[in-house]
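Data from target31.cif: mmCIF, C-alpha atoms
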```
data_my_file
#
loop_
_atom_site.label_atom_id
_atom_site.label_comp_id
_atom_site.auth_asym_id
_atom_site.auth_seq_id
_atom_site.Cartn_x
_atom_site.Cartn_y
_atom_site.Cartn_z
CA MET A 1 -22.91 -26.37 42.37
CA GLY A 2 -19.28 -25.19 42.58
CA THR A 3 -18.22 -27.93 40.14
CA LYS A 4 -20.88 -26.90 37.68
CA LEU A 5 -19.66 -23.28 37.78
CA ARG A 6 -16.04 -24.31 37.20
CA ASN A 7 -17.06 -26.47 34.26
CA GLY A 8 -19.01 -23.53 32.89
CA VAL A 9 -16.16 -21.01 33.22
CA LEU A 10 -13.29 -23.16 31.87
CA PRO A 11 -14.28 -23.24 28.16
CA PHE A 12 -14.92 -19.48 28.31
CA ALA A 13 -11.46 -19.00 29.85
CA ILE A 14 -9.77 -21.18 27.20
CA VAL A 15 -11.29 -19.25 24.30
CA THR A 16 -10.45 -15.96 26.02
CA PHE A 17 -6.79 -16.91 26.47
CA ILE A 18 -6.44 -17.84 22.80
CA TYR A 19 -7.96 -14.46 21.97
CA PHE A 20 -5.24 -12.88 24.13
CA ILE A 21 -2.62 -14.49 21.86
CA VAL A 22 -4.40 -13.11 18.78
CA GLY A 23 -4.36 -9.58 20.21
CA PHE A 24 -0.71 -9.83 21.16
CA LEU A 25 0.48 -11.06 17.76
CA THR A 26 -1.79 -8.69 15.82
CA THR A 27 -0.14 -5.72 17.53
CA VAL A 28 3.35 -7.23 17.19
CA ASN A 29 2.67 -7.33 13.45
CA GLU A 30 1.65 -3.65 13.43
CA GLN A 31 4.57 -2.53 15.58
CA LEU A 32 7.05 -4.18 13.24
CA GLN A 33 6.09 -1.64 10.55
CA ALA A 34 8.47 1.09 11.72
CA PRO A 35 11.49 -1.23 12.32
CA LEU A 36 11.01 -2.96 8.97
CA LYS A 37 10.76 0.43 7.26
CA PHE A 38 14.31 1.10 8.45
CA THR A 39 15.71 -2.40 7.84
CA PHE A 40 14.01 -3.43 4.58
CA LEU A 41 12.79 -0.22 2.93
CA ALA A 42 15.74 2.15 3.19
CA GLU A 43 15.81 2.35 -0.63
CA ALA A 44 12.05 2.57 -1.24
CA GLY A 45 12.26 6.26 -2.17
CA ASN A 46 9.17 8.39 -1.58
CA LEU A 47 6.95 5.30 -1.28
CA LYS A 48 8.30 4.16 2.07
CA ASN A 49 5.06 4.82 3.97
CA THR A 50 2.94 3.08 1.33
CA PHE A 51 5.13 -0.04 1.24
CA THR A 52 5.40 -0.10 5.03
CA THR A 53 1.63 -0.18 5.45
CA LEU A 54 1.49 -3.22 3.14
CA ILE A 55 2.36 -5.19 6.29
CA SER A 56 -1.03 -4.33 7.80
CA PHE A 57 -2.74 -4.53 4.40
CA PHE A 58 -1.75 -8.16 3.84
CA PHE A 59 -2.58 -9.05 7.45
CA PHE A 60 -6.15 -7.86 7.04
CA LEU A 61 -6.40 -9.29 3.53
CA GLY A 62 -6.41 -12.63 5.37
CA TYR A 63 -9.62 -11.53 7.08
CA LEU A 64 -11.30 -10.59 3.81
CA LEU A 65 -10.45 -13.78 1.95
CA ASN A 66 -10.81 -16.33 4.74
CA GLY A 67 -13.47 -15.12 7.18
CA THR A 68 -16.30 -16.90 5.36
CA LEU A 69 -14.15 -20.03 4.96
CA ALA A 70 -13.80 -20.16 8.73
CA SER A 71 -17.58 -19.98 9.22
CA LYS A 72 -17.96 -22.95 6.86
CA TRP A 73 -15.47 -24.87 8.99
CA VAL A 74 -17.45 -24.01 12.12
CA ASN A 75 -20.64 -25.37 10.54
CA ALA A 76 -18.91 -28.50 9.23
CA ALA A 77 -16.49 -29.37 12.04
CA GLY A 78 -17.49 -27.32 15.08
CA TYR A 79 -15.82 -24.62 17.14
CA LYS A 80 -12.92 -26.60 18.65
CA SER A 81 -11.67 -28.05 15.36
CA THR A 82 -11.81 -24.63 13.71
CA ILE A 83 -9.88 -22.87 16.47
CA ILE A 84 -7.11 -25.50 16.24
CA ARG A 85 -6.87 -24.90 12.50
CA GLY A 86 -6.52 -21.20 13.27
CA LEU A 87 -3.62 -21.91 15.65
CA LEU A 88 -1.88 -23.99 12.96
CA PHE A 89 -2.15 -21.04 10.54
CA MET A 90 -0.61 -18.87 13.27
CA ILE A 91 2.40 -21.17 13.54
CA SER A 92 2.77 -21.10 9.73
CA GLY A 93 2.76 -17.29 9.74
CA LEU A 94 5.40 -17.11 12.47
CA LEU A 95 7.56 -19.56 10.51
CA MET A 96 7.32 -17.23 7.49
CA TYR A 97 8.43 -14.31 9.70
CA LEU A 98 11.40 -16.42 10.80
CA CYS A 99 12.22 -17.26 7.17
CA SER A 100 11.99 -13.55 6.29
CA SER A 101 14.44 -12.61 9.04
CA TRP A 102 16.93 -15.31 8.03
CA PHE A 103 16.65 -14.49 4.32
CA GLY A 104 16.97 -10.75 4.96
CA ASP A 105 20.09 -11.33 7.04
CA GLN A 106 21.75 -13.82 4.69
CA TYR A 107 20.75 -12.30 1.34
CA PRO A 108 20.14 -8.57 1.96
CA HIS A 109 20.87 -7.57 -1.64
CA LEU A 110 18.36 -9.90 -3.34
CA ALA A 111 15.49 -7.59 -4.24
CA MET A 112 12.92 -6.49 -6.81
CA HIS A 113 13.53 -3.18 -8.56
CA PHE A 114 10.80 -0.74 -9.64
CA GLY A 115 12.63 2.20 -11.15
CA GLN A 116 14.37 3.89 -8.22
CA VAL A 117 12.54 1.70 -5.67
CA VAL A 118 14.26 -1.37 -4.21
CA LEU A 119 12.04 -3.98 -2.51
CA PRO A 120 14.01 -6.81 -0.80
CA TYR A 121 12.70 -10.36 -1.13
CA GLY A 122 12.95 -10.68 2.65
CA PHE A 123 10.24 -8.02 2.92
CA VAL A 124 8.05 -9.88 0.40
CA ILE A 125 8.37 -13.06 2.48
CA PHE A 126 7.40 -11.10 5.58
CA ILE A 127 4.18 -9.74 4.09
CA LEU A 128 3.22 -13.26 2.98
CA GLY A 129 3.68 -14.29 6.62
CA SER A 130 1.54 -11.32 7.59
CA TYR A 131 -1.22 -12.68 5.35
CA LEU A 132 -1.05 -16.07 7.09
CA MET A 133 -1.16 -14.38 10.50
CA GLY A 134 -4.24 -12.41 9.43
CA THR A 135 -5.87 -15.62 8.22
CA SER A 136 -5.18 -17.18 11.61
CA ALA A 137 -6.65 -14.21 13.47
CA ALA A 138 -9.74 -14.27 11.24
CA ILE A 139 -10.37 -17.98 11.79
CA ILE A 140 -9.98 -17.68 15.57
CA GLN A 141 -12.21 -14.60 15.77
CA VAL A 142 -14.94 -16.35 13.77
CA VAL A 143 -14.98 -18.86 16.63
CA VAL A 144 -14.47 -16.49 19.56
CA ASN A 145 -17.10 -13.83 18.82
CA PRO A 146 -20.23 -15.98 18.45
CA TYR A 147 -18.95 -18.45 21.05
CA VAL A 148 -18.51 -15.78 23.71
CA ALA A 149 -21.66 -13.85 22.74
CA SER A 150 -23.78 -17.04 22.91
CA TYR A 151 -22.05 -18.79 25.82
CA GLU A 152 -24.36 -18.75 28.83
CA LEU A 153 -22.24 -17.46 31.68
CA PRO A 154 -24.48 -16.77 34.72
CA GLY A 155 -25.16 -13.10 35.51
CA THR A 156 -23.82 -11.69 32.23
CA GLN A 157 -25.25 -10.30 28.99
CA PRO A 158 -23.62 -10.79 25.54
CA VAL A 159 -21.97 -7.36 25.33
CA GLN A 160 -20.50 -7.89 28.83
CA ARG A 161 -18.99 -11.25 27.92
CA LEU A 162 -17.52 -9.76 24.75
CA ASN A 163 -16.07 -6.88 26.77
CA ILE A 164 -14.48 -9.31 29.25
CA THR A 165 -12.90 -11.33 26.43
CA THR A 166 -11.73 -8.28 24.51
CA ALA A 167 -10.29 -6.81 27.74
CA ILE A 168 -8.03 -9.86 28.04
CA ASN A 169 -7.26 -9.46 24.33
CA SER A 170 -6.22 -5.90 25.13
CA ILE A 171 -3.63 -7.09 27.65
CA GLY A 172 -1.95 -8.66 24.63
CA THR A 173 -2.23 -5.56 22.46
CA THR A 174 -0.96 -3.33 25.29
CA SER A 175 2.14 -5.40 26.04
CA ALA A 176 3.08 -6.03 22.39
CA PRO A 177 4.69 -2.62 21.56
CA PHE A 178 7.20 -2.96 24.38
CA PHE A 179 7.78 -6.61 23.47
CA VAL A 180 8.85 -5.43 20.01
CA THR A 181 10.94 -2.52 21.33
CA VAL A 182 12.60 -4.16 24.35
CA VAL A 183 12.61 -7.92 23.68
CA MET A 184 12.86 -8.15 19.89
CA PHE A 185 15.16 -5.17 19.36
CA SER A 186 16.77 -4.86 22.81
CA GLY A 187 15.75 -1.22 23.26
CA ILE A 188 18.35 0.09 20.81
CA SER A 189 17.77 3.07 18.52
CA ILE A 190 15.48 2.24 15.63
CA ALA A 191 18.14 3.38 13.15
CA ASP A 192 20.54 0.69 14.45
CA ILE A 193 18.12 -2.26 14.26
CA GLU A 194 19.22 -5.43 12.43
CA ILE A 195 16.68 -7.86 10.99
CA LYS A 196 18.44 -10.92 12.49
CA GLN A 197 17.37 -9.71 15.95
CA LEU A 198 13.88 -11.03 15.17
CA MET A 199 14.96 -14.66 14.94
CA LEU A 200 15.31 -15.78 18.57
CA PRO A 201 12.07 -14.11 19.82
CA LEU A 202 10.20 -15.66 16.86
CA ILE A 203 11.46 -19.14 17.72
CA ALA A 204 10.21 -18.64 21.29
CA LEU A 205 6.79 -17.45 20.03
CA ILE A 206 6.49 -20.47 17.71
CA ALA A 207 7.20 -22.81 20.62
CA CYS A 208 4.58 -21.08 22.82
CA VAL A 209 1.83 -21.24 20.18
CA ALA A 210 2.65 -24.89 19.43
CA LEU A 211 2.25 -25.68 23.14
CA VAL A 212 -1.11 -23.85 23.30
CA THR A 213 -2.28 -25.82 20.25
CA LEU A 214 -1.38 -29.16 21.86
CA VAL A 215 -3.11 -28.22 25.14
CA THR A 216 -6.26 -27.03 23.31
CA ARG A 217 -6.50 -30.36 21.47
CA LYS A 218 -6.64 -32.17 24.83
CA LEU A 219 -9.26 -29.91 26.43
CA HIS A 220 -13.03 -30.18 26.26
CA LEU A 221 -14.60 -27.27 24.41
CA PRO A 222 -18.39 -27.78 24.26
CA ASP A 223 -20.38 -26.73 21.23
CA ILE A 224 -23.02 -23.97 21.47
CA ALA A 225 -26.56 -24.93 20.47
CA ASN A 226 -28.62 -22.90 17.97
CA THR A 227 -25.69 -20.83 16.69
CA ARG A 228 -25.03 -22.73 13.46
CA ALA A 229 -26.99 -24.56 10.83
CA ALA A 230 -27.27 -28.33 11.23
CA ALA A 231 -25.41 -30.58 8.80
CA GLY A 232 -27.14 -30.46 5.41
CA GLU A 233 -29.60 -27.77 6.52
CA LYS A 234 -30.19 -24.99 4.01
CA LEU A 235 -30.76 -21.46 5.26
CA GLU A 236 -33.95 -19.95 3.87
CA ARG A 237 -32.69 -16.37 3.73
CA SER A 238 -29.58 -14.57 2.64
CA ILE A 239 -27.61 -13.22 5.58
CA TRP A 240 -27.56 -9.87 3.76
CA SER A 241 -31.36 -9.61 3.97
CA PHE A 242 -31.04 -8.59 7.65
CA ARG A 243 -30.58 -4.82 7.45
CA HIS A 244 -29.16 -4.35 10.95
CA PHE A 245 -26.55 -7.01 10.18
CA THR A 246 -25.60 -5.60 6.76
CA LEU A 247 -25.11 -2.09 8.16
CA GLY A 248 -23.25 -3.63 11.11
CA VAL A 249 -20.76 -5.19 8.68
CA LEU A 250 -20.15 -1.73 7.20
CA ALA A 251 -19.82 -0.26 10.69
CA ILE A 252 -17.17 -2.82 11.66
CA PHE A 253 -15.34 -2.11 8.37
CA PHE A 254 -15.06 1.55 9.36
CA TYR A 255 -14.38 0.75 13.02
CA VAL A 256 -11.45 -1.59 12.41
CA GLY A 257 -10.21 0.81 9.74
CA THR A 258 -9.70 3.64 12.20
CA GLU A 259 -8.82 1.40 15.17
CA VAL A 260 -5.90 -0.20 13.33
CA ALA A 261 -4.83 2.95 11.46
CA ILE A 262 -4.27 4.80 14.73
CA GLY A 263 -2.49 1.88 16.40
CA ALA A 264 -0.28 1.17 13.38
CA ASN A 265 0.43 4.70 12.13
CA ILE A 266 0.58 6.91 15.21
CA ASN A 267 4.25 6.02 15.75
CA MET A 268 4.98 6.86 12.10
CA HIS A 269 3.49 10.32 12.72
CA ALA A 270 5.60 10.62 15.89
CA PHE A 271 8.79 9.89 13.92
CA GLU A 272 7.77 12.54 11.38
CA LEU A 273 7.32 15.15 14.12
CA ALA A 274 10.70 14.20 15.64
CA ASP A 275 12.42 14.57 12.26
CA ALA A 276 10.83 18.03 11.90
CA GLY A 277 12.27 19.09 15.26
CA HIS A 278 9.03 18.70 17.25
CA PRO A 279 9.39 15.39 19.12
CA MET A 280 6.57 14.11 21.28
CA SER A 281 7.14 14.50 24.99
CA PHE A 282 5.91 12.59 28.02
CA PHE A 283 5.81 14.73 31.18
CA GLY A 284 8.45 16.95 29.64
CA ARG A 285 10.73 14.12 28.48
CA THR A 286 11.37 13.40 24.80
CA ASP A 287 12.96 10.01 25.49
CA ILE A 288 12.50 7.23 28.02
CA ILE A 289 15.80 5.53 28.86
CA ILE A 290 15.81 3.03 31.73
CA GLY A 291 18.96 1.05 32.50
CA GLY A 292 20.48 2.12 29.20
CA VAL A 293 17.47 0.76 27.28
CA ASP A 294 15.60 3.24 25.07
CA LEU A 295 11.92 2.37 25.53
CA GLY A 296 10.90 4.96 22.95
CA ILE A 297 8.12 7.55 23.03
CA HIS A 298 6.75 5.98 19.83
CA ALA A 299 6.29 2.66 21.62
CA LEU A 300 4.70 4.47 24.58
CA LEU A 301 2.13 6.12 22.28
CA SER A 302 1.02 2.74 20.92
CA THR A 303 1.14 1.08 24.33
CA LEU A 304 -1.07 3.71 25.95
CA TYR A 305 -3.44 3.68 22.96
CA TRP A 306 -3.93 -0.08 23.29
CA GLY A 307 -3.82 0.29 27.07
CA GLY A 308 -6.90 2.49 26.74
CA PHE A 309 -8.66 -0.54 25.24
CA LEU A 310 -7.70 -2.61 28.24
CA ILE A 311 -9.00 -0.05 30.74
CA GLY A 312 -12.16 0.74 28.78
CA ARG A 313 -13.08 -2.90 28.29
CA ALA A 314 -12.37 -3.82 31.89
CA VAL A 315 -14.59 -0.96 33.12
CA SER A 316 -17.37 -1.52 30.58
CA SER A 317 -17.56 -5.23 31.46
CA PHE A 318 -19.48 -4.04 34.53
CA PHE A 319 -22.00 -2.05 32.46
CA SER A 320 -24.88 -4.52 32.73
CA LYS A 321 -27.57 -1.82 32.40
CA ILE A 322 -26.12 0.48 29.73
CA SER A 323 -27.23 -0.63 26.27
CA ALA A 324 -24.77 -1.30 23.46
CA LYS A 325 -26.51 1.39 21.38
CA THR A 326 -25.98 4.07 24.05
CA GLN A 327 -22.34 3.08 24.58
CA LEU A 328 -21.64 3.23 20.83
CA ALA A 329 -23.30 6.62 20.28
CA THR A 330 -21.50 8.24 23.21
CA THR A 331 -18.03 6.93 22.38
CA THR A 332 -18.19 7.80 18.67
CA ILE A 333 -19.14 11.42 19.38
CA LEU A 334 -16.25 11.85 21.83
CA ALA A 335 -13.77 10.12 19.48
CA THR A 336 -14.73 12.48 16.65
CA ILE A 337 -13.96 15.50 18.84
CA LEU A 338 -10.58 14.08 19.90
CA ALA A 339 -9.52 13.30 16.30
CA ILE A 340 -10.25 16.88 15.22
CA LEU A 341 -8.33 18.26 18.22
CA ALA A 342 -5.34 16.04 17.34
CA MET A 343 -5.16 17.46 13.82
CA VAL A 344 -5.62 21.08 14.86
CA THR A 345 -3.07 20.98 17.69
CA GLN A 346 -0.71 18.31 16.27
CA ASN A 347 -0.85 16.70 19.73
CA LEU A 348 -0.89 12.94 19.25
CA TRP A 349 -1.97 12.33 22.85
CA PHE A 350 -5.51 13.16 21.72
CA LEU A 351 -5.29 10.19 19.33
CA VAL A 352 -3.96 8.03 22.16
CA ALA A 353 -7.05 8.93 24.21
CA ILE A 354 -9.30 7.56 21.47
CA GLY A 355 -8.16 4.06 22.49
CA LEU A 356 -10.26 4.38 25.63
CA LEU A 357 -13.32 5.15 23.49
CA HIS A 358 -12.61 2.50 20.85
CA SER A 359 -12.44 -0.14 23.56
CA THR A 360 -16.13 -1.07 23.58
CA MET A 361 -17.06 -0.38 19.96
CA TRP A 362 -16.31 -3.87 18.65
CA SER A 363 -18.47 -5.52 21.32
CA CYS A 364 -21.28 -3.02 20.77
CA ILE A 365 -21.37 -3.36 16.99
CA PHE A 366 -21.04 -7.16 17.02
CA SER A 367 -23.77 -7.71 19.63
CA LEU A 368 -26.13 -5.30 17.82
CA SER A 369 -25.41 -6.92 14.45
CA ILE A 370 -26.07 -10.55 15.39
CA LYS A 371 -29.02 -9.86 17.67
CA GLY A 372 -31.87 -12.24 16.85
CA LEU A 373 -30.06 -14.11 14.04
CA ASN A 374 -30.18 -17.52 15.80
CA LYS A 375 -29.05 -20.27 13.37
CA TYR A 376 -27.64 -17.61 11.04
CA THR A 377 -25.15 -16.55 13.74
CA SER A 378 -22.09 -18.59 12.72
CA LYS A 379 -22.47 -17.63 9.06
CA ALA A 380 -22.95 -14.00 10.08
CA SER A 381 -19.76 -14.16 12.16
CA GLY A 382 -17.71 -15.27 9.14
CA VAL A 383 -19.03 -12.43 6.99
CA PHE A 384 -18.61 -10.00 9.87
CA ILE A 385 -14.97 -10.99 10.35
CA SER A 386 -14.29 -10.43 6.65
CA ALA A 387 -15.20 -6.77 7.21
CA VAL A 388 -12.13 -6.47 9.43
CA PHE A 389 -10.41 -5.90 6.08
CA GLY A 390 -11.15 -2.25 6.81
CA GLY A 391 -7.96 -2.35 8.86
CA ALA A 392 -6.03 -3.00 5.65
CA VAL A 393 -7.86 -0.46 3.52
CA PHE A 394 -7.63 2.53 5.85
CA THR A 395 -4.07 1.83 7.02
CA LEU A 396 -2.81 1.61 3.44
CA LEU A 397 -4.96 4.54 2.32
CA GLN A 398 -3.60 6.68 5.14
CA GLY A 399 -0.01 5.72 4.28
CA GLY A 400 -0.64 6.67 0.64
CA LEU A 401 -2.18 10.00 1.68
CA ALA A 402 0.80 10.70 3.96
CA ASP A 403 3.14 10.22 0.97
CA LEU A 404 0.85 12.36 -1.21
CA PHE A 405 0.50 15.21 1.31
CA GLY A 406 4.06 14.90 2.56
CA SER A 407 2.72 14.65 6.11
CA TRP A 408 0.52 12.48 8.34
CA ARG A 409 -1.19 15.50 9.92
CA TRP A 410 -4.44 15.84 7.94
CA THR A 411 -4.76 12.14 7.14
CA TRP A 412 -6.60 11.72 10.45
CA TRP A 413 -9.74 13.01 8.73
CA LEU A 414 -10.19 9.35 7.84
CA THR A 415 -10.77 8.69 11.55
CA VAL A 416 -13.47 11.38 11.67
CA ILE A 417 -15.30 9.81 8.71
CA CYS A 418 -15.18 6.37 10.33
CA GLU A 419 -16.49 7.65 13.68
CA LEU A 420 -19.41 9.45 12.03
CA PHE A 421 -20.52 6.32 10.19
CA MET A 422 -20.49 4.35 13.44
CA LEU A 423 -22.59 7.08 15.05
CA PHE A 424 -25.10 6.66 12.21
CA TYR A 425 -25.19 2.91 12.90
CA ALA A 426 -25.78 3.43 16.61
CA LEU A 427 -28.65 5.87 16.09
CA TYR A 428 -30.33 4.32 13.05
CA GLY A 429 -28.66 1.35 11.38
CA SER A 430 -28.85 -0.99 14.38
CA ARG A 431 -32.65 -0.93 14.53
CA ILE A 432 -34.16 -4.34 13.73
CA ARG A 433 -36.97 -4.25 11.19
CA GLU A 434 -40.15 -6.16 11.94
CA LYS A 435 -39.60 -8.53 8.99
CA ASP A 436 -36.11 -9.39 10.30
CA LEU A 437 -37.43 -10.80 13.59
CA LEU A 438 -37.02 -14.60 13.67
CA HIS A 439 -39.53 -16.59 15.66
#
```

Written form, structure tokens:
Amino acid sequence: MGTKLRNGVLPFAIVTFIYFIVGFLTTVNEQLQAPLKFTFLAEAGNLKNTFTTLISFFFFLGYLLNGTLASKWVNAAGYKSTIIRGLLFMISGLLMYLCSSWFGDQYPHLAMHFGQVVLPYGFVIFILGSYLMGTSAAIIQVVVNPYVASYELPGTQPVQRLNITTAINSIGTTSAPFFVTVVMFSGISIADIEIKQLMLPLIALIACVALVTLVTRKLHLPDIANTRAAAGEKLERSIWSFRHFTLGVLAIFFYVGTEVAIGANINMHAFELADAGHPMSFFGRTDIIIGGVDLGIHALLSTLYWGGFLIGRAVSSFFSKISAKTQLATTTILATILAILAMVTQNLWFLVAIGLLHSTMWSCIFSLSIKGLNKYTSKASGVFISAVFGGAVFTLLQGGLADLFGSWRWTWWLTVICELFMLFYALYGSRIREKDLLH
């Protein structure tokens, strides 16, 4: 019996570890926004925030354009083959980042000019790499979400398994801000950063992902029955005919929109407050210098925000008797209150606290959306992942509003709007209509 349990846990553990890598590199991508604003966009005029958020925009554009492609690969080639393709896209994206760093260092004056705005080609190469990284993350998530939700691990329910996997993912997102600040840029002041400092850490990351890809190819990753259409089988219904799924796609669009916008832009708001003479403090300190290394309050804000995901997901993985609907309704109400408090008081720690509440929303919305879809599940996952494009839309929209208003302060109303839509989904949109029940 012990052997059977080990065999059952190993595939789950493999998929979960790969999801950890996705979380880590997704947040690395976001945390590079502020450094690249200083290194590449010094001459971008009053559009610095808008151009900076293009990094996240192109990352999540990969989700929009390639989520459904990934679900086709799952149906045609299975879960293991698709996840390996996702890892190869990840290596390609990291190679583009490396090329961007080298090009930016060697040819810093080669750029496109739009009136007074100067946009270096090195930055353009970077955002193309960001698109490839987003494509990789989309492909892997199309595999991970239905695989974990449908994988029969004894003593667990789908939302629990998703919370366990996303908790491990959150270890990656929590550690990434300090990886960028301390490892990539050696803890020096953001104003003194040089783009060539990215090159060595990127080479190490490429080597690590290549090793994971080789190991995954050798391992046994069993398929999951009844989660995808058989070869040549035509689905009788459109996936959009399931109301609870369609509204779930919208809910995840709004969820990822606010989740990513806070994680990517909170440090930009912190820099704005510091420039205005009101720096953020942590237990009375406005800087964190250990051993001569400036760890940065801005990095701490992002780390604790993503750390809230880790804590929330770890705790909620034990919630075997609290429904996904109840969890979603409760957390969205509290997050709305915190976002309003953050704007009124200009205290960004209220936004940091939202990470704890955001932690379970993905698992709740996904499990509610695919409930009862059976053979439509893998196709639904591809469409669902495309909705992650909300992370691009809201991050870029918020950056544009910050340039328009001249401040990040009131742009957090976008978070309030997103939370209220998710509350609507929890209370009404997640209900399954009688005609949508598959027998």

Given the file above and the PyMOL selection byres ((chain A and resi 368) around 8), which residues are selected, and can you give them as a VMD selection string?
chain A and resid 244 to 245 248 324 to 325 364 to 367 369 to 371 430

Residues in the PyMOL selection byres ((chain A and resi 409-424) around 6), expressed as number ranges by chain
A: 251, 254, 258, 329, 332, 336, 343, 398, 407-408, 425-428

When you count only C-alpha atoms, which of these residues is closest to A:Pro154: A:Val9, A:Leu247, A:Ile14, A:Ile21?
A:Val9

Just say which residues the PyMOL selection byres ((chain A and resi 104) around 8) picks in this file, as a list of chain:residue names.
A:Phe40, A:Ser100, A:Ser101, A:Trp102, A:Phe103, A:Asp105, A:Gln106, A:Tyr107, A:Pro108, A:Pro120, A:Tyr121, A:Gly122, A:Phe123, A:Ile195, A:Lys196

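With only C-alpha atoms as the atoms that count, the minimum distance from A:Pro177 to the choices A:Leu214, A:Leu200, A:Ile193, A:Leu300 is reached by A:Leu300.
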
Identify which of the residues A:Met96, A:Leu10, A:Ala137, A:Val148 lies closest to A:Leu61, counting all atoms listed in the file when measuring atom-to-atom distances.
A:Ala137

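Near A:Ala264, within 7 Å and counting all atoms listed in the file, sit Glu30, Gln31, Val260 and Ala261 of chain A; same-chain residues fewer than 3 positions away were not included.
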
Would you list the contacts of A:Ile168 as an mmCIF file with C-alpha atoms, in the frame of the given file, taking every protein, DNA or RNA residue within 12 Å and counting all atoms listed in the file, but skipping same-chain residues closer than 6 positions in sequence?
```cif
data_model
loop_
_atom_site.group_PDB
_atom_site.id
_atom_site.type_symbol
_atom_site.label_atom_id
_atom_site.label_comp_id
_atom_site.auth_asym_id
_atom_site.auth_seq_id
_atom_site.Cartn_x
_atom_site.Cartn_y
_atom_site.Cartn_z
ATOM 1 C CA PHE A 12 -14.920 -19.480 28.310
ATOM 2 C CA ALA A 13 -11.460 -19.000 29.850
ATOM 3 C CA ILE A 14 -9.770 -21.180 27.200
ATOM 4 C CA VAL A 15 -11.290 -19.250 24.300
ATOM 5 C CA THR A 16 -10.450 -15.960 26.020
ATOM 6 C CA PHE A 17 -6.790 -16.910 26.470
ATOM 7 C CA ILE A 18 -6.440 -17.840 22.800
ATOM 8 C CA TYR A 19 -7.960 -14.460 21.970
ATOM 9 C CA PHE A 20 -5.240 -12.880 24.130
ATOM 10 C CA ILE A 21 -2.620 -14.490 21.860
ATOM 11 C CA VAL A 22 -4.400 -13.110 18.780
ATOM 12 C CA GLY A 23 -4.360 -9.580 20.210
ATOM 13 C CA PHE A 24 -0.710 -9.830 21.160
ATOM 14 C CA ARG A 161 -18.990 -11.250 27.920
ATOM 15 C CA LEU A 162 -17.520 -9.760 24.750
ATOM 16 C CA THR A 174 -0.960 -3.330 25.290
ATOM 17 C CA SER A 175 2.140 -5.400 26.040
ATOM 18 C CA TRP A 306 -3.930 -0.080 23.290
ATOM 19 C CA GLY A 307 -3.820 0.290 27.070
ATOM 20 C CA PHE A 309 -8.660 -0.540 25.240
ATOM 21 C CA LEU A 310 -7.700 -2.610 28.240
ATOM 22 C CA ILE A 311 -9.000 -0.050 30.740
ATOM 23 C CA GLY A 312 -12.160 0.740 28.780
ATOM 24 C CA ARG A 313 -13.080 -2.900 28.290
ATOM 25 C CA ALA A 314 -12.370 -3.820 31.890
ATOM 26 C CA SER A 317 -17.560 -5.230 31.460
ATOM 27 C CA SER A 359 -12.440 -0.140 23.560
#
```

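Using all atoms listed in the file, the shortest contact distance between A:Ser381 and any of A:Asn145, A:Gln157, A:Thr213, A:Thr326 is found at A:Asn145.
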
Do you know which residues are at most 9 Å from A:Ile262 counting only C-alpha atoms, after dropping those on the same chain fewer than 6 positions away, and could you put them as a ChimeraX atom specification?
/A:302,305,351-352,354-355,395,412,415

Written selection (C-alpha atoms) as a PDB file, in the coordinates of the input:
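To be explicit, this is the file written out as again.pdb:
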```
ATOM      1  CA  SER A 302       1.020   2.740  20.920  1.00  0.00           C
ATOM      2  CA  TYR A 305      -3.440   3.680  22.960  1.00  0.00           C
ATOM      3  CA  LEU A 351      -5.290  10.190  19.330  1.00  0.00           C
ATOM      4  CA  VAL A 352      -3.960   8.030  22.160  1.00  0.00           C
ATOM      5  CA  ILE A 354      -9.300   7.560  21.470  1.00  0.00           C
ATOM      6  CA  GLY A 355      -8.160   4.060  22.490  1.00  0.00           C
ATOM      7  CA  THR A 395      -4.070   1.830   7.020  1.00  0.00           C
ATOM      8  CA  TRP A 412      -6.600  11.720  10.450  1.00  0.00           C
ATOM      9  CA  THR A 415     -10.770   8.690  11.550  1.00  0.00           C
TER      10      THR A 415
END
```
